[in-house]
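> final-v8.txt is reproduced below (compact mmCIF, C-alpha atoms and all ligand atoms).
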```txt
# COMPACT_ATOMS: atom_id res chain seq x y z
CA MET A 1 116.62 51.71 57.94
CA LEU A 2 118.73 50.16 60.72
CA ARG A 3 121.62 49.59 58.32
CA SER A 4 121.35 53.20 57.19
CA LYS A 5 121.42 54.36 60.82
CA PHE A 6 124.58 52.35 61.59
CA VAL A 7 126.29 53.83 58.53
CA GLY A 8 124.86 57.30 59.25
CA SER A 9 126.34 57.32 62.73
CA LEU A 10 129.90 56.37 61.72
CA ILE A 11 129.94 58.50 58.56
CA GLY A 12 128.22 61.32 60.47
CA SER A 13 130.90 61.23 63.15
CA ALA A 14 133.71 61.38 60.57
CA VAL A 15 131.98 64.20 58.65
CA GLY A 16 131.55 66.21 61.87
CA ASP A 17 135.24 65.68 62.72
CA ALA A 18 136.38 66.70 59.23
CA LEU A 19 134.09 69.72 59.19
CA GLY A 20 135.33 70.96 62.55
CA SER A 21 138.99 70.08 62.09
CA SER A 22 139.96 73.40 60.46
CA PHE A 23 138.56 75.36 63.39
CA GLU A 24 139.66 73.38 66.46
CA GLY A 25 140.82 75.75 69.16
CA LEU A 26 139.24 78.88 67.66
CA TRP A 27 137.07 80.22 70.42
CA SER A 28 134.84 82.30 68.17
CA SER A 29 131.18 81.38 68.34
CA GLU A 30 130.50 82.76 64.87
CA THR A 31 132.84 80.56 62.84
CA LYS A 32 132.05 80.69 59.09
CA ILE A 33 132.30 77.23 57.54
CA GLU A 34 133.09 77.73 53.89
CA ARG A 35 135.04 74.68 52.85
CA PHE A 36 135.14 70.95 53.56
CA SER A 37 138.53 69.28 53.10
CA GLY A 38 137.18 65.86 54.08
CA SER A 39 140.30 65.09 56.14
CA TRP A 40 139.63 63.84 59.62
CA THR A 41 141.66 63.67 62.83
CA ASP A 42 142.31 61.45 65.87
CA ASP A 43 138.58 61.37 66.65
CA THR A 44 137.81 59.31 63.54
CA HIS A 45 141.12 57.46 63.63
CA MET A 46 140.22 56.08 67.08
CA MET A 47 136.55 55.49 66.15
CA ILE A 48 137.81 53.30 63.30
CA GLY A 49 139.92 51.39 65.85
CA VAL A 50 136.87 50.79 68.06
CA ALA A 51 134.88 49.49 65.08
CA GLU A 52 137.72 47.31 63.78
CA SER A 53 138.11 45.63 67.15
CA LEU A 54 134.36 45.10 67.77
CA ILE A 55 134.15 43.48 64.33
CA ALA A 56 137.21 41.25 64.77
CA ASN A 57 135.92 39.93 68.11
CA LYS A 58 132.18 40.23 67.45
CA GLY A 59 132.15 42.21 70.67
CA PHE A 60 134.55 43.84 73.14
CA ASP A 61 138.05 42.57 73.89
CA GLY A 62 140.08 45.15 75.83
CA ASN A 63 143.51 43.80 75.00
CA HIS A 64 142.70 43.52 71.29
CA MET A 65 141.22 47.04 71.09
CA THR A 66 144.30 48.43 72.83
CA GLN A 67 146.62 46.74 70.31
CA ILE A 68 144.54 48.12 67.42
CA PHE A 69 144.72 51.66 68.90
CA ILE A 70 148.51 51.35 69.21
CA LYS A 71 148.95 49.92 65.71
CA ASN A 72 146.79 52.65 64.13
CA TYR A 73 148.52 55.39 66.13
CA GLU A 74 152.00 54.18 65.14
CA ARG A 75 151.03 54.18 61.47
CA GLU A 76 149.59 57.72 61.57
CA PRO A 77 150.75 59.58 64.69
CA TRP A 78 150.16 62.93 62.95
CA ARG A 79 146.36 62.78 63.27
CA GLY A 80 146.30 65.44 66.02
CA TYR A 81 146.29 63.27 69.13
CA ALA A 82 146.42 64.99 72.51
CA SER A 83 149.29 64.04 74.84
CA GLY A 84 147.41 61.45 76.96
CA PRO A 85 146.78 58.50 74.61
CA PRO A 86 150.36 58.29 73.17
CA ARG A 87 151.77 58.28 76.70
CA VAL A 88 149.42 55.44 77.67
CA PHE A 89 150.42 53.52 74.53
CA ARG A 90 154.11 53.81 75.47
CA TRP A 91 153.45 52.48 78.99
CA ILE A 92 151.48 49.53 77.61
CA LYS A 93 154.27 48.75 75.14
CA SER A 94 156.71 48.71 78.07
CA GLY A 95 154.60 46.06 79.83
CA VAL A 96 151.86 47.82 81.82
CA ALA A 97 148.43 46.12 81.55
CA TRP A 98 145.92 47.71 79.14
CA ASN A 99 143.45 48.42 81.94
CA GLU A 100 146.06 49.86 84.34
CA ALA A 101 148.18 52.22 82.23
CA ALA A 102 145.65 55.08 81.88
CA LYS A 103 145.40 55.36 85.69
CA ARG A 104 148.90 56.87 85.67
CA LEU A 105 147.90 59.98 83.72
CA PHE A 106 147.50 63.35 85.44
CA SER A 107 149.29 62.33 88.62
CA GLY A 108 147.11 59.29 89.09
CA ALA A 109 143.76 61.01 88.52
CA GLY A 110 143.31 59.65 85.01
CA SER A 111 142.10 61.69 82.04
CA TYR A 112 138.71 63.39 81.86
CA GLY A 113 139.40 64.50 78.27
CA ASN A 114 136.73 63.80 75.65
CA GLY A 115 138.91 61.25 73.81
CA ALA A 116 136.90 58.24 75.01
CA ALA A 117 133.60 59.89 74.01
CA MET A 118 134.71 61.13 70.57
CA ARG A 119 135.37 57.54 69.37
CA VAL A 120 132.41 55.72 70.94
CA ALA A 121 129.82 55.77 68.09
CA PRO A 122 130.43 52.09 67.13
CA VAL A 123 129.58 51.05 70.71
CA GLY A 124 126.36 53.12 70.59
CA VAL A 125 125.10 51.51 67.40
CA PHE A 126 126.33 47.98 68.16
CA TYR A 127 124.74 47.80 71.64
CA HIS A 128 121.70 50.00 71.01
CA LYS A 129 119.28 47.27 72.08
CA ASN A 130 120.91 46.62 75.45
CA LEU A 131 121.84 49.71 77.46
CA GLU A 132 123.42 47.77 80.33
CA GLN A 133 125.79 46.00 77.94
CA LEU A 134 126.38 49.35 76.24
CA ARG A 135 127.30 50.91 79.59
CA SER A 136 129.78 48.15 80.36
CA VAL A 137 131.49 48.28 76.95
CA ALA A 138 131.52 52.10 76.80
CA TYR A 139 133.21 52.15 80.22
CA ASN A 140 135.71 49.45 79.37
CA GLN A 141 136.73 50.93 76.02
CA SER A 142 137.27 54.23 77.90
CA ARG A 143 139.47 52.56 80.50
CA ILE A 144 142.17 51.97 77.84
CA THR A 145 143.05 55.69 77.77
CA HIS A 146 140.67 57.52 80.13
CA ALA A 147 140.54 56.32 83.74
CA HIS A 148 138.87 59.39 85.28
CA GLU A 149 135.21 58.83 86.18
CA LEU A 150 134.14 61.94 84.21
CA GLY A 151 135.96 60.78 81.07
CA MET A 152 134.37 57.32 81.25
CA GLU A 153 130.89 58.55 82.15
CA GLY A 154 131.02 61.15 79.34
CA ALA A 155 131.75 58.37 76.84
CA THR A 156 128.94 56.27 78.27
CA ILE A 157 126.39 59.09 77.98
CA GLN A 158 127.52 59.78 74.39
CA ALA A 159 127.12 56.06 73.53
CA CYS A 160 123.66 56.07 75.11
CA ALA A 161 122.67 59.18 73.08
CA VAL A 162 123.74 57.38 69.88
CA ALA A 163 121.70 54.31 70.92
CA LEU A 164 118.59 56.41 71.67
CA ALA A 165 118.99 58.07 68.25
CA VAL A 166 119.21 54.64 66.55
CA THR A 167 115.93 53.56 68.14
CA ALA A 168 114.08 56.87 67.45
CA ASP A 169 111.83 57.17 64.41
CA PRO A 170 113.11 60.00 62.14
CA SER A 171 109.72 60.36 60.45
CA SER A 172 108.08 61.47 63.72
CA GLU A 173 108.76 64.62 65.72
CA LEU A 174 111.56 64.11 68.25
CA ASP A 175 110.68 64.93 71.85
CA SER A 176 113.93 66.60 72.97
CA HIS A 177 112.82 66.82 76.60
CA ARG A 178 112.04 63.10 76.70
CA PHE A 179 115.45 62.34 75.15
CA LEU A 180 117.18 64.39 77.87
CA ARG A 181 115.08 62.77 80.60
CA LYS A 182 116.13 59.30 79.43
CA LEU A 183 119.79 60.32 79.60
CA LYS A 184 119.26 61.80 83.07
CA ASP A 185 117.73 58.53 84.24
CA PHE A 186 120.60 56.62 82.62
CA THR A 187 123.52 58.43 84.27
CA PRO A 188 124.20 58.17 88.00
CA ASN A 189 126.65 61.10 87.86
CA GLU A 190 125.47 64.34 89.55
CA LEU A 191 127.58 66.71 87.43
CA TYR A 192 126.20 65.25 84.20
CA LYS A 193 122.65 65.26 85.63
CA ARG A 194 123.00 69.01 86.35
CA LYS A 195 124.37 69.64 82.84
CA LEU A 196 121.44 67.71 81.35
CA GLU A 197 119.06 69.97 83.28
CA ARG A 198 120.89 73.04 81.98
CA ALA A 199 120.71 71.69 78.41
CA TRP A 200 116.94 71.32 78.89
CA GLU A 201 116.61 74.97 80.03
CA LEU A 202 118.76 76.22 77.12
CA LEU A 203 116.86 74.42 74.33
CA GLY A 204 115.27 77.65 73.06
CA GLU A 205 118.35 79.84 73.65
CA LYS A 206 119.41 82.02 70.70
CA ASN A 207 122.66 83.31 72.15
CA LYS A 208 125.44 80.89 71.11
CA VAL A 209 128.01 82.51 73.38
CA LYS A 210 125.77 81.72 76.34
CA VAL A 211 125.28 78.11 75.15
CA ALA A 212 129.04 77.60 74.72
CA ARG A 213 129.77 79.21 78.07
CA GLU A 214 127.17 77.27 80.06
CA LEU A 215 127.40 73.82 78.45
CA GLY A 216 131.07 74.18 77.49
CA ASN A 217 133.02 73.83 74.25
CA GLY A 218 136.29 72.53 75.67
CA VAL A 219 138.37 69.37 75.50
CA GLU A 220 137.01 68.00 78.80
CA ALA A 221 134.28 65.37 78.47
CA TYR A 222 132.00 67.31 80.85
CA ASN A 223 132.48 70.44 78.70
CA SER A 224 131.66 68.85 75.35
CA VAL A 225 129.50 65.68 75.50
CA LEU A 226 126.36 67.45 76.68
CA THR A 227 127.06 70.26 74.21
CA ALA A 228 127.04 67.76 71.33
CA ILE A 229 123.79 66.20 72.54
CA TYR A 230 122.31 69.70 72.78
CA CYS A 231 123.52 70.57 69.23
CA PHE A 232 121.65 67.53 67.93
CA LEU A 233 118.48 68.15 69.93
CA ARG A 234 118.01 71.79 68.99
CA ASN A 235 118.67 70.93 65.31
CA TRP A 236 117.15 67.44 65.18
CA VAL A 237 115.31 68.18 61.92
CA SER A 238 118.51 68.40 59.86
CA PHE A 239 121.87 66.58 59.98
CA GLU A 240 123.51 69.51 58.20
CA ASP A 241 122.16 72.14 60.62
CA SER A 242 123.17 70.08 63.66
CA VAL A 243 126.85 69.75 62.72
CA LEU A 244 127.13 73.32 61.36
CA TYR A 245 125.68 74.58 64.63
CA ALA A 246 128.13 72.41 66.61
CA VAL A 247 131.16 73.77 64.74
CA SER A 248 129.87 77.33 64.99
CA LEU A 249 130.12 77.16 68.80
CA GLY A 250 133.93 77.22 68.50
CA GLY A 251 136.38 75.53 70.86
CA ASP A 252 136.86 71.78 70.39
CA THR A 253 135.04 71.94 67.06
CA ASP A 254 136.21 68.67 65.49
CA THR A 255 135.22 66.66 68.55
CA ILE A 256 131.89 68.37 69.26
CA GLY A 257 131.22 68.10 65.51
CA ALA A 258 132.09 64.38 65.56
CA MET A 259 129.89 63.59 68.57
CA THR A 260 126.96 65.63 67.18
CA GLY A 261 127.35 63.97 63.77
CA ALA A 262 127.37 60.50 65.37
CA ILE A 263 124.02 61.14 67.10
CA SER A 264 122.40 63.00 64.21
CA GLY A 265 123.56 60.40 61.66
CA ALA A 266 122.20 57.61 63.88
CA PHE A 267 118.85 59.38 64.01
CA HIS A 268 118.41 60.28 60.33
CA GLY A 269 120.41 57.57 58.56
CA VAL A 270 123.17 58.08 56.01
CA GLU A 271 120.89 59.41 53.26
CA ALA A 272 120.39 62.63 55.26
CA ILE A 273 124.11 63.50 55.14
CA PRO A 274 124.79 65.94 52.28
CA GLU A 275 126.36 64.28 49.23
CA ARG A 276 129.04 66.99 48.93
CA TRP A 277 130.36 65.96 52.36
CA LYS A 278 130.01 62.20 51.90
CA SER A 279 131.74 62.17 48.52
CA GLY A 280 134.70 64.23 49.77
CA LEU A 281 135.20 62.27 53.00
CA GLU A 282 138.59 60.62 53.45
CA LYS A 283 138.24 56.80 53.47
CA GLY A 284 134.45 57.17 53.43
CA ASP A 285 134.06 53.78 51.71
CA TYR A 286 136.09 52.05 54.41
CA ILE A 287 134.12 53.69 57.24
CA GLU A 288 130.87 52.67 55.53
CA GLU A 289 132.18 49.10 55.21
CA LEU A 290 132.97 48.99 58.94
CA ALA A 291 129.46 50.22 59.83
CA GLU A 292 127.91 47.62 57.53
CA LYS A 293 129.95 44.86 59.14
CA LEU A 294 128.79 45.95 62.61
CA TRP A 295 125.21 45.93 61.36
CA PHE A 296 125.65 42.54 59.72
CA ILE A 297 127.10 40.93 62.87
CA LYS A 298 124.21 42.24 64.99
CA ASN A 299 121.50 41.23 62.56
CA ARG A 300 122.83 37.77 61.80
CA LYS A 301 122.35 36.70 65.44
N1 LIG A 401 144.77 67.16 70.54
C1 LIG A 401 143.81 67.79 70.08
N2 LIG A 401 143.94 69.10 69.77
C2 LIG A 401 145.19 69.82 69.90
C3 LIG A 401 145.57 70.42 68.58
C4 LIG A 401 145.89 69.38 67.57
C5 LIG A 401 146.48 70.05 66.37
N3 LIG A 401 145.42 70.52 65.52
C6 LIG A 401 147.36 69.08 65.64
O1 LIG A 401 147.05 68.76 64.50
O2 LIG A 401 148.38 68.68 66.19
N4 LIG A 401 142.60 67.24 69.85
C7 LIG A 401 142.27 65.91 70.19
O3 LIG A 401 142.39 65.79 71.60
C8 LIG A 401 141.10 65.81 72.25
C9 LIG A 401 140.92 64.49 72.93
O4 LIG A 401 141.90 64.42 73.91
P1 LIG A 401 142.07 63.11 74.80
O5 LIG A 401 142.23 61.95 73.91
O6 LIG A 401 140.98 63.09 75.79
O7 LIG A 401 143.47 63.41 75.47
P2 LIG A 401 143.98 63.70 76.98
O8 LIG A 401 145.39 64.13 76.88
O9 LIG A 401 143.70 62.50 77.80
O10 LIG A 401 143.07 64.89 77.53
C10 LIG A 401 142.98 66.11 76.83
C11 LIG A 401 143.26 67.29 77.77
O11 LIG A 401 142.29 67.36 78.81
C12 LIG A 401 142.90 67.91 79.98
N5 LIG A 401 142.77 66.90 81.08
C13 LIG A 401 142.28 65.67 80.97
N6 LIG A 401 142.27 65.05 82.18
C14 LIG A 401 142.78 65.91 83.06
C15 LIG A 401 143.02 65.86 84.48
N7 LIG A 401 142.74 64.77 85.22
N8 LIG A 401 143.56 66.96 85.06
C16 LIG A 401 143.84 68.08 84.33
N9 LIG A 401 143.63 68.19 82.99
C17 LIG A 401 143.11 67.13 82.38
C18 LIG A 401 144.37 68.18 79.64
O12 LIG A 401 144.48 69.51 79.22
C19 LIG A 401 144.60 67.22 78.47
O13 LIG A 401 145.65 67.64 77.63
C20 LIG A 401 140.09 66.02 71.16
O14 LIG A 401 139.80 67.39 71.07
C21 LIG A 401 140.80 65.57 69.91
O15 LIG A 401 140.31 66.22 68.77
MG MG A 402 140.70 65.62 66.77
MG MG A 403 139.09 67.89 69.17
```
Could you render the structure as structure tokens?


Amino acid sequence: MLRSKFVGSLIGSAVGDALGSSFEGLWSSETKIERFSGSWTDDTHMMIGVAESLIANKGFDGNHMTQIFIKNYEREPWRGYASGPPRVFRWIKSGVAWNEAAKRLFSGAGSYGNGAAMRVAPVGVFYHKNLEQLRSVAYNQSRITHAHELGMEGATIQACAVALAVTADPSSELDSHRFLRKLKDFTPNELYKRKLERAWELLGEKNKVKVARELGNGVEAYNSVLTAIYCFLRNWVSFEDSVLYAVSLGGDTDTIGAMTGAISGAFHGVEAIPERWKSGLEKGDYIEELAEKLWFIKNRK
């Protein structure tokens, strides 16, 4: 089951990205999802980089992960990256240290975009047994491109949600309130604590416009990470329903789809992901291989 959960999280993240990629930026909350191209974007491209580096080093190495991000980006710069990461990569190539360059973005504030959270699923599965180690690695992998506290904390909460989903039993009813309480205890950040409370209050809400407005469906980590967690929790019974719901909220659909798929796939395991999506997924075999390697490294110890 654990192997299936590792694979489910990485494949689930890529499926959510591919599903949402045709609708990114459409702010309709009633998006009709009729086709699945299987092609994914920067979200999955960077998630692959995180997994490749964790595997190569059997853990986190900031300089190595940075070099992998740069190499992957230079091979396929057309994956739909936002402006921040490529600028950071250029600074690092000109000699700035990997853990300093991202501090230059946005006039020294650093980025609070959701780019560090959208790629973090491998950290969530790999460190699911040790949340303090998970926190440290989630933060440090963020630092490469996202130096703003809200960008790093968003990635850390997303990694923790994946870890909680790995440890939850999919054959028993999920207690959504308990899941949210654990995340609230985990994060020290007041903005995210307030959003977690709002997610709790909205669990029975039928109006998607209200959900998107109050939790957010934007590119900022604080306007998308909690939304993805919410999409999973209110649709925990079905992987398919969780990602379709996420994309139907509009806005940053590929990224909210990816983060929802990472949590839902970690909860259910890969068997719960519809075959029509798995079979059409770009480089699905390679992503599965990466997840299996992560699982193998963890279980060999
Ligand atoms: N880039 C996109 N979507 C644009 C359309 C792509 C198009 N379909 C195509 O194919 O070309 N999506 C991807 O970017 C998001 C992740 O972004 P990331 O990696 O966090 O980048 P960045 O540049 O650091 O931040 C994104 C935006 O957030 C705002 N922002 C962040 N920090 C800020 C700060 N301190 N002050 C003010 N604004 C800040 C800015 O608007 C940034 O541009 C994902 O959606 C991924 O799918
Ligand atoms: Mg994207
Ligand atoms: Mg996006």

> Taking all atoms listed in the file into account, list the residues no farther than 7 Å from ligand LIG 401 (chain A), as JSON, numbers by chain.

{"A": [24, 41, 42, 43, 78, 79, 80, 81, 82, 83, 84, 85, 106, 109, 110, 111, 112, 113, 114, 115, 116, 145, 146, 148, 219, 220, 252, 254, 255]}

> Adding 3 Å on each side of the box along x, y and z that holds all listed atoms of segment 139-145 of chain A, could you give its centre and edge lengths in Å to one decimal, as lines of an AutoDock Vina configuration file?


```
center_x = 138.1
center_y = 52.6
center_z = 78.3
size_x = 15.8
size_y = 12.2
size_z = 10.5
```

> I'd like to know which of A:Arg178, A:Ala221, A:Ala165, A:Leu290 is closest to ligand MG 403 (chain A), using all atoms listed in the file.

A:Ala221

> Select, from A:Gly12, A:Pro170, A:Ile256, A:Val225, the residue with the minimum atom-to-atom distance to ligand MG 402 (chain A), counting all atoms listed in the file.

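Nearest to ligand MG 402 (chain A): A:Ile256.
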
> For each of A:Ala117, A:Met1, A:Val166, A:Ala138, take the minimum atom-to-atom distance to Asp61 of chain A, counting all atoms listed in the file, then give the residue where this is smallest.

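Closest to Asp61 of chain A of all the choices is A:Ala138.
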
> Taking all atoms listed in the file into account, name the residue in A:Ile144, A:Gly218, A:Lys71, A:Pro77 that is nearest to ligand MG 403 (chain A).

A:Gly218

> Can you work out which one of A:Gly284, A:Gly25, A:Gly95, A:Pro122 has the shortest atom-to-atom distance to ligand MG 402 (chain A), counting all atoms listed in the file?

A:Gly25

> Between atom CA of Ala56 of chain A and atom CA of Ile92 of chain A, what is the distance, to one decimal in Å?

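Straight-line distance from atom CA of Ala56 of chain A to atom CA of Ile92 of chain A works out to 20.9 Å.
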
> Select, from A:Gly38, A:His45, A:Lys129, A:Lys93, the residue with the minimum atom-to-atom distance to Arg75 of chain A, counting all atoms listed in the file.

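Going through A:Gly38, A:His45, A:Lys129, A:Lys93 one by one, the smallest distance to Arg75 of chain A is for A:His45.
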